[in-house]
>>> print(open('target34.csv').read())   # CSV, C-alpha atoms
chain,number,residue,atom,x,y,z
A,37,MET,CA,-41.6,-67.8,52.1
A,38,ARG,CA,-41.2,-64.0,52.4
A,39,PRO,CA,-44.3,-61.9,51.3
A,40,ARG,CA,-43.7,-60.5,47.8
A,41,GLY,CA,-46.2,-57.7,47.9
A,42,PRO,CA,-44.4,-55.0,49.9
A,43,TRP,CA,-41.1,-55.8,48.1
A,44,LEU,CA,-42.7,-55.5,44.6
A,45,ALA,CA,-44.4,-52.2,45.6
A,46,ALA,CA,-41.1,-50.7,46.7
A,47,ALA,CA,-39.3,-51.9,43.6
A,48,ALA,CA,-42.1,-50.4,41.4
A,49,LEU,CA,-41.8,-47.0,43.2
A,50,ALA,CA,-38.0,-47.0,42.8
A,51,ALA,CA,-38.3,-47.7,39.0
A,52,LEU,CA,-40.9,-45.0,38.6
A,53,ALA,CA,-38.7,-42.5,40.4
A,54,GLY,CA,-35.7,-43.5,38.2
A,55,GLY,CA,-37.7,-43.1,35.1
A,56,LEU,CA,-39.0,-39.7,36.1
A,57,PHE,CA,-35.4,-38.6,36.8
A,58,LEU,CA,-34.3,-39.7,33.3
A,59,LEU,CA,-37.2,-37.8,31.8
A,60,ARG,CA,-36.4,-34.6,33.5
A,61,PRO,CA,-35.0,-32.0,31.0
A,62,ARG,CA,-31.3,-31.7,31.4
A,63,PRO,CA,-29.8,-28.2,31.6
A,64,VAL,CA,-28.5,-27.1,28.2
A,65,PRO,CA,-25.0,-25.5,28.4
A,66,PRO,CA,-24.9,-21.9,27.3
A,67,ALA,CA,-24.0,-21.4,23.6
A,68,ALA,CA,-20.5,-20.2,22.9
A,69,PRO,CA,-20.4,-16.5,22.1
A,70,ALA,CA,-20.4,-15.8,18.4
A,71,ALA,CA,-17.1,-14.7,16.9
A,72,PRO,CA,-17.1,-11.0,16.5
A,73,VAL,CA,-17.8,-9.9,12.9
A,74,ASP,CA,-15.7,-6.9,11.7
A,75,PRO,CA,-18.0,-4.1,10.8
A,76,VAL,CA,-18.2,-3.1,7.2
A,77,GLN,CA,-17.8,0.6,6.7
A,78,PRO,CA,-17.3,2.8,3.6
A,79,ALA,CA,-13.7,3.5,3.0
A,80,ARG,CA,-12.7,7.2,3.1
A,81,PHE,CA,-10.8,8.6,0.2
A,82,GLU,CA,-10.3,11.8,-1.8
A,83,ILE,CA,-10.2,12.2,-5.5
A,84,VAL,CA,-6.8,13.6,-6.4
A,85,SER,CA,-7.6,13.7,-10.1
A,86,GLY,CA,-10.3,12.3,-12.5
A,87,VAL,CA,-14.0,12.0,-12.4
A,88,LEU,CA,-16.4,9.7,-10.5
A,89,ASP,CA,-20.1,9.5,-11.1
A,90,GLY,CA,-21.2,7.6,-8.0
A,91,PRO,CA,-19.6,4.1,-8.2
A,92,ARG,CA,-18.7,4.6,-11.9
A,93,VAL,CA,-15.5,6.1,-13.1
A,94,SER,CA,-16.2,8.3,-16.1
A,95,ARG,CA,-12.6,9.4,-16.5
A,96,ARG,CA,-9.5,7.7,-15.1
A,97,ALA,CA,-9.2,8.7,-11.5
A,98,VAL,CA,-6.4,8.8,-8.8
A,99,LEU,CA,-7.7,8.1,-5.3
A,100,ALA,CA,-5.9,8.8,-2.0
A,101,PHE,CA,-7.2,6.7,0.9
A,102,ASP,CA,-7.0,7.8,4.5
A,103,ASP,CA,-4.5,5.0,5.4
A,104,GLY,CA,-1.9,6.0,2.9
A,105,LEU,CA,-2.9,3.8,0.0
A,106,ASP,CA,-3.2,5.3,-3.5
A,107,ALA,CA,-5.2,3.7,-6.3
A,108,VAL,CA,-5.9,4.4,-9.9
A,109,LEU,CA,-9.2,3.4,-11.6
A,110,HIS,CA,-9.5,3.2,-15.3
A,111,GLU,CA,-12.4,4.9,-17.1
A,112,GLU,CA,-15.6,2.7,-17.3
A,113,SER,CA,-14.8,1.1,-14.0
A,114,VAL,CA,-17.5,0.2,-11.5
A,115,PHE,CA,-16.4,-0.3,-7.9
A,116,ARG,CA,-17.1,0.0,-4.2
A,117,ALA,CA,-14.5,0.5,-1.5
A,118,GLU,CA,-15.1,-0.7,2.0
A,119,ARG,CA,-13.2,-1.1,5.3
A,120,VAL,CA,-13.5,-4.5,6.9
A,121,GLY,CA,-11.5,-4.5,10.1
A,122,ALA,CA,-7.9,-3.7,9.2
A,123,GLU,CA,-8.5,-4.7,5.5
A,124,LEU,CA,-9.4,-2.4,2.7
A,125,VAL,CA,-11.7,-4.2,0.3
A,126,PHE,CA,-12.5,-3.2,-3.3
A,127,ARG,CA,-15.4,-4.8,-5.0
A,128,LEU,CA,-14.6,-4.3,-8.7
A,129,ASP,CA,-17.5,-5.2,-11.0
A,130,ALA,CA,-16.1,-3.8,-14.2
A,131,GLY,CA,-13.0,-2.0,-15.4
A,132,ARG,CA,-9.4,-1.9,-14.1
A,133,LEU,CA,-7.8,-1.0,-10.8
A,134,PHE,CA,-4.1,-0.3,-9.9
A,135,VAL,CA,-3.3,-0.5,-6.2
A,136,ASP,CA,-0.2,1.2,-4.8
A,137,GLY,CA,-0.1,-0.5,-1.4
A,138,GLY,CA,1.3,-0.4,2.0
A,139,VAL,CA,-1.8,-1.9,3.8
A,140,ASP,CA,-3.8,-5.1,3.7
A,141,VAL,CA,-5.9,-4.9,0.4
A,142,ARG,CA,-8.4,-7.3,-1.1
A,143,VAL,CA,-9.9,-6.9,-4.6
A,144,ILE,CA,-13.0,-8.9,-5.3
A,145,THR,CA,-14.2,-9.5,-8.8
A,146,PRO,CA,-17.0,-11.7,-10.3
A,147,HIS,CA,-14.3,-14.4,-10.9
A,148,GLY,CA,-12.5,-14.5,-7.6
A,149,HIS,CA,-10.4,-12.3,-5.4
A,150,ALA,CA,-6.8,-11.2,-4.9
A,151,THR,CA,-5.2,-10.3,-1.5
A,152,ALA,CA,-1.9,-8.5,-1.0
A,153,ARG,CA,0.0,-6.5,1.5
A,154,ALA,CA,2.7,-3.8,0.9
A,155,SER,CA,2.4,-4.5,-2.8
A,156,ALA,CA,1.7,-2.8,-6.1
A,157,PHE,CA,-0.6,-4.8,-8.3
A,158,ASP,CA,-3.1,-4.4,-11.1
A,159,VAL,CA,-6.5,-6.1,-11.5
A,160,ALA,CA,-8.4,-5.9,-14.8
A,161,ILE,CA,-11.8,-7.4,-15.8
A,162,THR,CA,-12.1,-8.3,-19.5
A,163,GLU,CA,-14.6,-10.4,-21.5
A,164,ARG,CA,-12.5,-13.5,-20.8
A,165,GLY,CA,-12.4,-13.0,-17.0
A,166,THR,CA,-10.0,-11.3,-14.5
A,167,SER,CA,-6.3,-10.7,-14.9
A,168,VAL,CA,-4.0,-10.0,-11.9
A,169,THR,CA,-0.5,-8.6,-12.3
A,170,VAL,CA,2.0,-8.0,-9.5
A,171,LEU,CA,4.6,-5.2,-9.8
A,172,GLN,CA,6.0,-5.4,-6.3
A,173,GLY,CA,5.6,-7.9,-3.4
A,174,ALA,CA,3.1,-10.7,-3.8
A,175,ALA,CA,-0.6,-11.4,-4.1
A,176,VAL,CA,-2.7,-14.5,-3.2
A,177,VAL,CA,-5.3,-15.1,-5.9
A,178,VAL,CA,-8.3,-17.2,-4.9
A,179,GLY,CA,-11.0,-18.6,-7.1
A,180,ASN,CA,-13.1,-21.8,-7.3
A,181,PRO,CA,-11.5,-24.2,-6.4
A,182,PHE,CA,-7.9,-22.9,-6.4
A,183,ARG,CA,-5.5,-20.7,-4.5
A,184,LYS,CA,-2.2,-19.5,-6.0
A,185,GLU,CA,0.4,-17.0,-5.0
A,186,ILE,CA,2.1,-14.8,-7.6
A,187,THR,CA,5.1,-12.5,-7.1
A,188,ARG,CA,6.8,-9.6,-8.8
A,189,GLY,CA,6.7,-9.8,-12.5
A,190,GLU,CA,4.0,-12.5,-12.7
A,191,ALA,CA,0.4,-12.4,-13.9
A,192,LEU,CA,-2.5,-14.9,-13.5
A,193,ASP,CA,-5.7,-15.0,-15.5
A,194,LEU,CA,-9.0,-16.2,-14.0
A,195,SER,CA,-11.5,-17.2,-16.8
A,196,ALA,CA,-15.2,-16.4,-16.6
A,197,ALA,CA,-15.8,-20.2,-16.7
A,198,GLY,CA,-13.9,-20.7,-13.4
A,199,GLY,CA,-10.7,-22.1,-14.9
A,200,VAL,CA,-7.2,-20.8,-14.1
A,201,GLY,CA,-3.8,-21.2,-15.9
A,202,GLU,CA,-0.3,-21.1,-14.6
A,203,PRO,CA,1.3,-17.8,-13.6
A,204,ILE,CA,3.2,-16.2,-16.5
A,205,SER,CA,6.3,-14.0,-16.3
A,206,LEU,CA,6.2,-10.6,-17.9
A,207,ASP,CA,7.7,-7.1,-17.8
A,208,PRO,CA,5.5,-5.7,-15.0
A,209,THR,CA,6.1,-2.1,-16.1
A,210,ALA,CA,4.3,-2.6,-19.5
A,211,ALA,CA,1.2,-3.8,-17.7
A,212,VAL,CA,0.5,-0.6,-15.9
A,213,GLU,CA,1.7,2.2,-18.1
A,214,TRP,CA,-1.9,3.6,-18.0
A,215,ALA,CA,-1.7,3.8,-14.2
A,216,ARG,CA,1.8,5.4,-14.2
A,217,GLY,CA,0.5,8.1,-16.6
A,218,ALA,CA,-2.3,8.9,-14.2
A,219,LEU,CA,0.0,9.1,-11.2
A,220,ASP,CA,2.5,11.2,-13.0
A,221,ALA,CA,-0.1,13.7,-14.2
A,222,ALA,CA,-1.3,14.2,-10.6
A,223,ASN,CA,2.2,14.4,-9.1
A,224,LEU,CA,3.7,17.8,-8.5
A,225,VAL,CA,7.2,16.3,-8.5
A,226,ARG,CA,8.7,16.0,-12.0
A,227,ASP,CA,9.7,12.4,-12.7
A,228,GLY,CA,9.2,11.1,-9.2
A,229,GLY,CA,9.9,7.6,-10.5
A,230,PHE,CA,13.4,8.5,-11.9
A,231,GLU,CA,12.5,7.0,-15.3
A,232,GLU,CA,14.6,9.8,-16.9
A,233,GLU,CA,17.4,9.0,-14.5
A,234,LEU,CA,18.3,12.2,-12.7
A,235,ALA,CA,17.5,14.6,-15.6
A,236,ARG,CA,14.6,16.2,-13.6
A,237,TRP,CA,16.5,16.3,-10.3
A,238,ASP,CA,19.5,18.1,-8.9
A,239,ALA,CA,22.1,15.6,-7.6
A,240,PRO,CA,25.0,17.4,-5.8
A,241,GLN,CA,27.9,15.1,-5.2
A,242,TYR,CA,30.0,15.0,-2.0
A,243,PRO,CA,33.4,13.6,-1.2
A,244,GLU,CA,31.5,11.3,1.2
A,245,THR,CA,28.6,10.4,-1.0
A,246,ALA,CA,27.9,9.2,-4.6
A,247,VAL,CA,24.4,9.8,-6.1
A,248,ARG,CA,23.3,8.2,-9.3
A,249,ALA,CA,20.4,6.5,-11.1
A,250,ASP,CA,20.1,2.8,-10.7
A,251,ARG,CA,18.3,-0.1,-12.5
A,252,ARG,CA,17.0,-1.7,-9.4
A,253,ALA,CA,13.6,-0.1,-9.0
A,254,HIS,CA,10.4,-0.4,-6.9
A,255,TYR,CA,8.5,-0.6,-10.1
A,256,GLY,CA,9.4,0.9,-13.4
A,257,ARG,CA,13.0,0.8,-14.7
A,258,ARG,CA,14.9,3.3,-12.6
A,259,SER,CA,15.5,4.5,-9.0
A,260,ALA,CA,17.8,7.0,-7.3
A,261,TYR,CA,20.8,5.4,-5.6
A,262,VAL,CA,22.7,7.1,-2.7
A,263,VAL,CA,26.0,5.5,-1.6
A,264,PHE,CA,27.2,6.8,1.8
A,265,ASN,CA,30.8,6.4,2.7
A,266,ALA,CA,31.3,9.1,5.3
A,267,ILE,CA,33.7,8.4,8.2
A,268,ALA,CA,32.7,11.8,9.8
A,269,ASP,CA,29.4,13.7,10.1
A,270,TYR,CA,28.5,16.1,7.3
A,271,ARG,CA,25.3,17.8,5.9
A,272,HIS,CA,23.7,15.9,3.0
A,273,ALA,CA,21.0,17.1,0.6
A,274,SER,CA,21.0,15.0,-2.6
A,275,PRO,CA,19.1,14.3,-4.8
A,276,ARG,CA,16.8,17.3,-4.8
A,277,SER,CA,13.7,17.6,-7.0
A,278,MET,CA,13.1,20.6,-9.2
A,279,PRO,CA,11.0,23.2,-7.4
A,280,PHE,CA,7.3,22.9,-7.9
A,281,SER,CA,4.4,25.3,-7.2
A,282,VAL,CA,2.1,24.5,-4.3
A,283,PRO,CA,-1.6,25.4,-4.4
A,284,ALA,CA,-2.3,28.0,-1.7
A,285,GLY,CA,-4.2,26.5,1.3
A,286,ALA,CA,-4.0,23.0,0.0
A,287,ARG,CA,-3.4,19.8,1.9
A,288,LEU,CA,-0.6,17.6,0.5
A,289,ARG,CA,0.0,13.9,0.4
A,290,PHE,CA,3.8,13.2,0.4
A,291,ARG,CA,4.7,9.6,-0.2
A,292,GLY,CA,7.5,7.5,-1.7
A,293,TYR,CA,9.4,4.2,-1.4
A,294,VAL,CA,12.8,3.6,0.3
A,295,GLU,CA,15.1,0.6,0.3
A,296,VAL,CA,18.2,0.4,2.5
A,297,THR,CA,21.1,-2.0,2.3
A,298,ASN,CA,23.5,-2.3,5.3
A,299,LEU,CA,23.1,1.4,6.2
A,300,GLU,CA,25.1,2.1,9.4
A,301,ALA,CA,24.3,5.5,10.8
A,302,GLY,CA,24.8,5.4,14.6
A,303,PRO,CA,22.1,6.1,17.2
A,304,GLU,CA,19.2,8.1,15.9
A,305,GLY,CA,20.9,8.3,12.5
A,306,GLY,CA,19.9,7.4,8.9
A,307,GLY,CA,18.6,8.8,5.7
A,308,TYR,CA,15.2,10.4,5.0
A,309,LEU,CA,13.1,12.4,2.6
A,310,GLU,CA,11.5,15.7,3.4
A,311,ILE,CA,9.7,18.7,1.7
A,312,ARG,CA,11.4,22.0,2.0
A,313,ASP,CA,10.4,25.5,1.0
A,314,GLU,CA,12.1,27.9,-1.4
A,315,ASN,CA,14.5,28.9,1.4
A,316,ASP,CA,15.5,25.3,2.1
A,317,VAL,CA,13.5,25.3,5.4
A,318,PRO,CA,11.7,22.0,6.1
A,319,LEU,CA,7.9,22.1,6.1
A,320,PRO,CA,6.4,21.1,9.5
A,321,GLY,CA,5.3,17.5,9.4
A,322,GLY,CA,6.8,16.9,6.0
A,323,ARG,CA,9.6,14.4,6.9
A,324,SER,CA,9.6,10.7,6.2
A,325,PRO,CA,10.8,8.2,8.9
A,326,LEU,CA,14.6,7.7,9.3
A,327,TYR,CA,15.9,4.7,7.4
A,328,ALA,CA,18.9,2.6,8.5
A,329,GLY,CA,19.9,-1.0,8.7
A,330,ALA,CA,18.7,-3.3,5.9
A,331,ALA,CA,15.1,-3.5,4.6
A,332,GLY,CA,13.4,-4.0,1.2
A,333,TRP,CA,11.1,-1.4,-0.4
A,334,ARG,CA,8.9,0.3,2.2
A,335,LYS,CA,6.3,2.9,1.6
A,336,PHE,CA,5.8,6.1,3.6
A,337,SER,CA,2.8,8.3,3.3
A,338,ILE,CA,2.3,11.6,5.1
A,339,ASP,CA,-0.6,14.1,4.8
A,340,LEU,CA,0.2,17.7,5.8
A,341,ASP,CA,-1.2,21.2,5.5
A,342,VAL,CA,0.5,23.8,3.4
A,343,PRO,CA,1.9,26.7,5.5
A,344,SER,CA,0.4,30.1,4.9
A,345,GLY,CA,2.4,32.0,2.3
A,346,LEU,CA,4.2,29.0,0.8
A,347,ARG,CA,4.5,29.2,-3.0
A,348,ASP,CA,7.3,26.8,-4.1
A,349,ALA,CA,8.7,23.6,-2.5
A,350,ARG,CA,11.0,20.7,-3.4
A,351,VAL,CA,11.7,17.2,-2.1
A,352,VAL,CA,15.1,16.6,-0.7
A,353,CYS,CA,17.0,13.4,0.4
A,354,ALA,CA,18.9,14.2,3.5
A,355,LYS,CA,20.6,12.5,6.5
A,356,ALA,CA,20.3,13.0,10.2
A,357,ASP,CA,22.9,15.3,11.7
A,358,ASN,CA,23.7,13.0,14.7
A,359,GLY,CA,27.5,13.4,14.7
A,360,ALA,CA,28.1,9.8,13.6
A,361,PRO,CA,29.6,8.4,10.4
A,362,ILE,CA,27.2,6.9,7.8
A,363,LEU,CA,28.0,4.0,5.6
A,364,GLY,CA,25.8,2.0,3.3
A,365,THR,CA,23.3,2.5,0.5
A,366,LEU,CA,19.8,3.9,0.1
A,367,ARG,CA,17.4,3.8,-2.9
A,368,LEU,CA,14.5,6.1,-3.6
A,369,ASP,CA,11.6,5.6,-6.0
A,370,ASP,CA,8.1,6.6,-6.9
A,371,VAL,CA,8.3,9.8,-4.9
A,372,ALA,CA,5.1,11.9,-5.2
A,373,VAL,CA,3.4,15.0,-3.8
A,374,PHE,CA,-0.3,15.1,-4.5
A,375,PRO,CA,-2.5,18.1,-3.6
A,376,LEU,CA,-5.6,16.8,-1.8
A,377,PRO,CA,-8.8,18.5,-2.6
A,378,GLY,CA,-9.9,19.9,0.8
A,379,LYS,CA,-9.4,20.1,4.5
A,380,PRO,CA,-10.4,17.1,6.6
>>> encode(input="target34.csv", output="structure tokens")
Amino acid sequence: MRPRGPWLAAAALAALAGGLFLLRPRPVPPAAPAAPVDPVQPARFEIVSGVLDGPRVSRRAVLAFDDGLDAVLHEESVFRAERVGAELVFRLDAGRLFVDGGVDVRVITPHGHATARASAFDVAITERGTSVTVLQGAAVVVGNPFRKEITRGEALDLSAAGGVGEPISLDPTAAVEWARGALDAANLVRDGGFEEELARWDAPQYPETAVRADRRAHYGRRSAYVVFNAIADYRHASPRSMPFSVPAGARLRFRGYVEVTNLEAGPEGGGYLEIRDENDVPLPGGRSPLYAGAAGWRKFSIDLDVPSGLRDARVVCAKADNGAPILGTLRLDDVAVFPLPGKP
């Protein structure tokens, strides 16, 4: 029989070594890097008209934000505006907010939030909860535990108890008459929404072009409609706003909405809007992008300084002089020129 002592000793040592190996702390893999958090910064805006007392609006105010968005706050509103990454966030604790969009916007209330892009929408807080109304585009309304999308001409109510009804259809213009009044009062352009058709605009007619008022609007009831049917190049300037006085040394925000339908204009061609002085000379930096092809309502927004000595100006719809024919249609709506309070 083989001696068992040495063999048992060797087995015990091996087991002890294996146990010690198992008890050794294993290396912990490094933690995955945390997802970057978008910094929250105050949103920069200027008060075009109205009165703010800190975060409280003591009189209905029109605000112009630095990314081209315009907003109207009702009196007795309490709000905070922040920039979170590419998104503009309003925290509305009381009152009413109308957003004239073009950028990513989120409005947070005590009852939920609404998110929209390139839209015009209205958010109002009442004793019953929050009401969201869409005038153009779409908004996603989120509460607990629901998520619904509403589109142009629809409204959705969020109750203070957390309930939500179905979207209802309505006349979207009636929901924001208070906001349109504030925007029109701050606008240097008479009837920039063409609600009086073309009564406040000059509309020269050309053999190659028809200019008229139209019932298809960005929001409201009217727009200006330009039908191009030119087989040869020509100079176009219609419609044209009535001249308006420009505050000396001011900075202006020039903005509006344009829709094009099958507009063929050749290379570097298309229609556009621009500000011109009393001698019909374009203001530097006061021209919208060129519009051609087919696209729904798109907002442009330009900030420019008033040239020294300028007294009167007007907004003109023109076309590029590129030597090519131009065929198709273009609509204009909600054209505005706001004087901004100061230099950047």
>>> atom_distance(input="target34.csv", atom1="CA of Leu363 (chain A)", atom2="CA of Gly137 (chain A)")
29.3 Å
>>> closest_residue(input="target34.csv", among="A:Gly173, A:Lys184, A:Gly217, A:Asn315", to="His110 (chain A)", atoms="only C-alpha atoms")
A:Gly217
>>> closest_atom_pairs(input="target34.csv", of="region 165-192 of chain A", to="region 253-262 of chain A", cutoff="12 Å", atoms="only C-alpha atoms", output="JSON lines")
{"residue": "A:Val170", "atom": "CA", "partner": "A:Tyr255", "partner_atom": "CA", "distance": 9.9}
{"residue": "A:Leu171", "atom": "CA", "partner": "A:Tyr255", "partner_atom": "CA", "distance": 6.0}
{"residue": "A:Gln172", "atom": "CA", "partner": "A:Tyr255", "partner_atom": "CA", "distance": 6.6}
{"residue": "A:Gly173", "atom": "CA", "partner": "A:His254", "partner_atom": "CA", "distance": 9.6}
{"residue": "A:Arg188", "atom": "CA", "partner": "A:Tyr255", "partner_atom": "CA", "distance": 9.3}
{"residue": "A:Gly189", "atom": "CA", "partner": "A:Tyr255", "partner_atom": "CA", "distance": 9.7}
>>> closest_residue(input="target34.csv", among="A:Gly90, A:Gly329, A:Pro377, A:Pro146", to="Gly306 (chain A)", atoms="all atoms listed in the file")
A:Gly329
>>> atom_distance(input="target34.csv", atom1="CA of Trp214 (chain A)", atom2="CA of Ile311 (chain A)")
27.4 Å
>>> atom_distance(input="target34.csv", atom1="CA of Tyr242 (chain A)", atom2="CA of Val263 (chain A)")
10.3 Å
>>> closest_residue(input="target34.csv", among="A:Ala211, A:Cys353, A:Glu233, A:Leu326", to="Ser274 (chain A)", atoms="all atoms listed in the file")
A:Cys353
>>> closest_residue(input="target34.csv", among="A:Asp207, A:Asp220, A:Asp158, A:Asp106", to="Asp193 (chain A)", atoms="all atoms listed in the file")
A:Asp158
>>> residues_around(input="target34.csv", residues="Asp341 (chain A)", least_positions_apart="6", cutoff="7 Å", atoms="all atoms listed in the file", output="PDB file with C-alpha atoms, in the coordinates of the input")
ATOM      1  CA  ALA A 286      -4.000  23.000   0.000  1.00  0.00           C
ATOM      2  CA  ARG A 287      -3.400  19.800   1.900  1.00  0.00           C
ATOM      3  CA  LEU A 288      -0.600  17.600   0.500  1.00  0.00           C
TER       4      LEU A 288
END
>>> residues_near_point(input="target34.csv", point="(1.9, -2.9, -2.6)", cutoff="7 Å", atoms="only C-alpha atoms", output="list of chain:residue names")
A:Val135, A:Asp136, A:Gly137, A:Gly138, A:Ala152, A:Arg153, A:Ala154, A:Ser155, A:Ala156, A:Phe157, A:Gln172, A:Gly173
>>> residues_around(input="target34.csv", residues="His147 (chain A)", least_positions_apart="4", cutoff="9 Å", atoms="only C-alpha atoms", output="ChimeraX atom specification")
/A:161,165-166,178-180,194-198
>>> closest_residue(input="target34.csv", among="A:Met278, A:Ala301, A:Ala117, A:Leu133", to="Asp227 (chain A)", atoms="only C-alpha atoms")
A:Met278
>>> closest_residue(input="target34.csv", among="A:Val84, A:Ala100, A:Val317, A:Leu309", to="Ala356 (chain A)", atoms="all atoms listed in the file")
A:Leu309
>>> residues_around(input="target34.csv", residues="Val176 (chain A)", least_positions_apart="2", cutoff="6 Å", atoms="all atoms listed in the file", output="MDAnalysis selection string")
chainID A and resid 150:151 184:185
>>> residues_near_point(input="target34.csv", point="(-2.0, 9.6, -6.1)", cutoff="12 Å", atoms="all atoms listed in the file", output="ChimeraX atom specification")
/A:81-86,96-102,104-109,134-137,215-225,228,288-292,337,339,370-377
>>> residues_around(input="target34.csv", residues="Tyr327 (chain A)", least_positions_apart="4", cutoff="12 Å", atoms="all atoms listed in the file", output="ChimeraX atom specification")
/A:293-309,323,331-336,353-356,362,364-368
>>> residues_around(input="target34.csv", residues="Ser344 (chain A)", least_positions_apart="5", cutoff="12 Å", atoms="only C-alpha atoms", output="PyMOL selection string")
chain A and resi 282-287+313+319-320
>>> write_last_selection(input="target34.csv", atoms="C-alpha atoms", output="mmCIF file, keeping the file's coordinate frame")
data_model
loop_
_atom_site.group_PDB
_atom_site.id
_atom_site.type_symbol
_atom_site.label_atom_id
_atom_site.label_comp_id
_atom_site.auth_asym_id
_atom_site.auth_seq_id
_atom_site.Cartn_x
_atom_site.Cartn_y
_atom_site.Cartn_z
ATOM 1 C CA VAL A 282 2.100 24.500 -4.300
ATOM 2 C CA PRO A 283 -1.600 25.400 -4.400
ATOM 3 C CA ALA A 284 -2.300 28.000 -1.700
ATOM 4 C CA GLY A 285 -4.200 26.500 1.300
ATOM 5 C CA ALA A 286 -4.000 23.000 0.000
ATOM 6 C CA ARG A 287 -3.400 19.800 1.900
ATOM 7 C CA ASP A 313 10.400 25.500 1.000
ATOM 8 C CA LEU A 319 7.900 22.100 6.100
ATOM 9 C CA PRO A 320 6.400 21.100 9.500
#
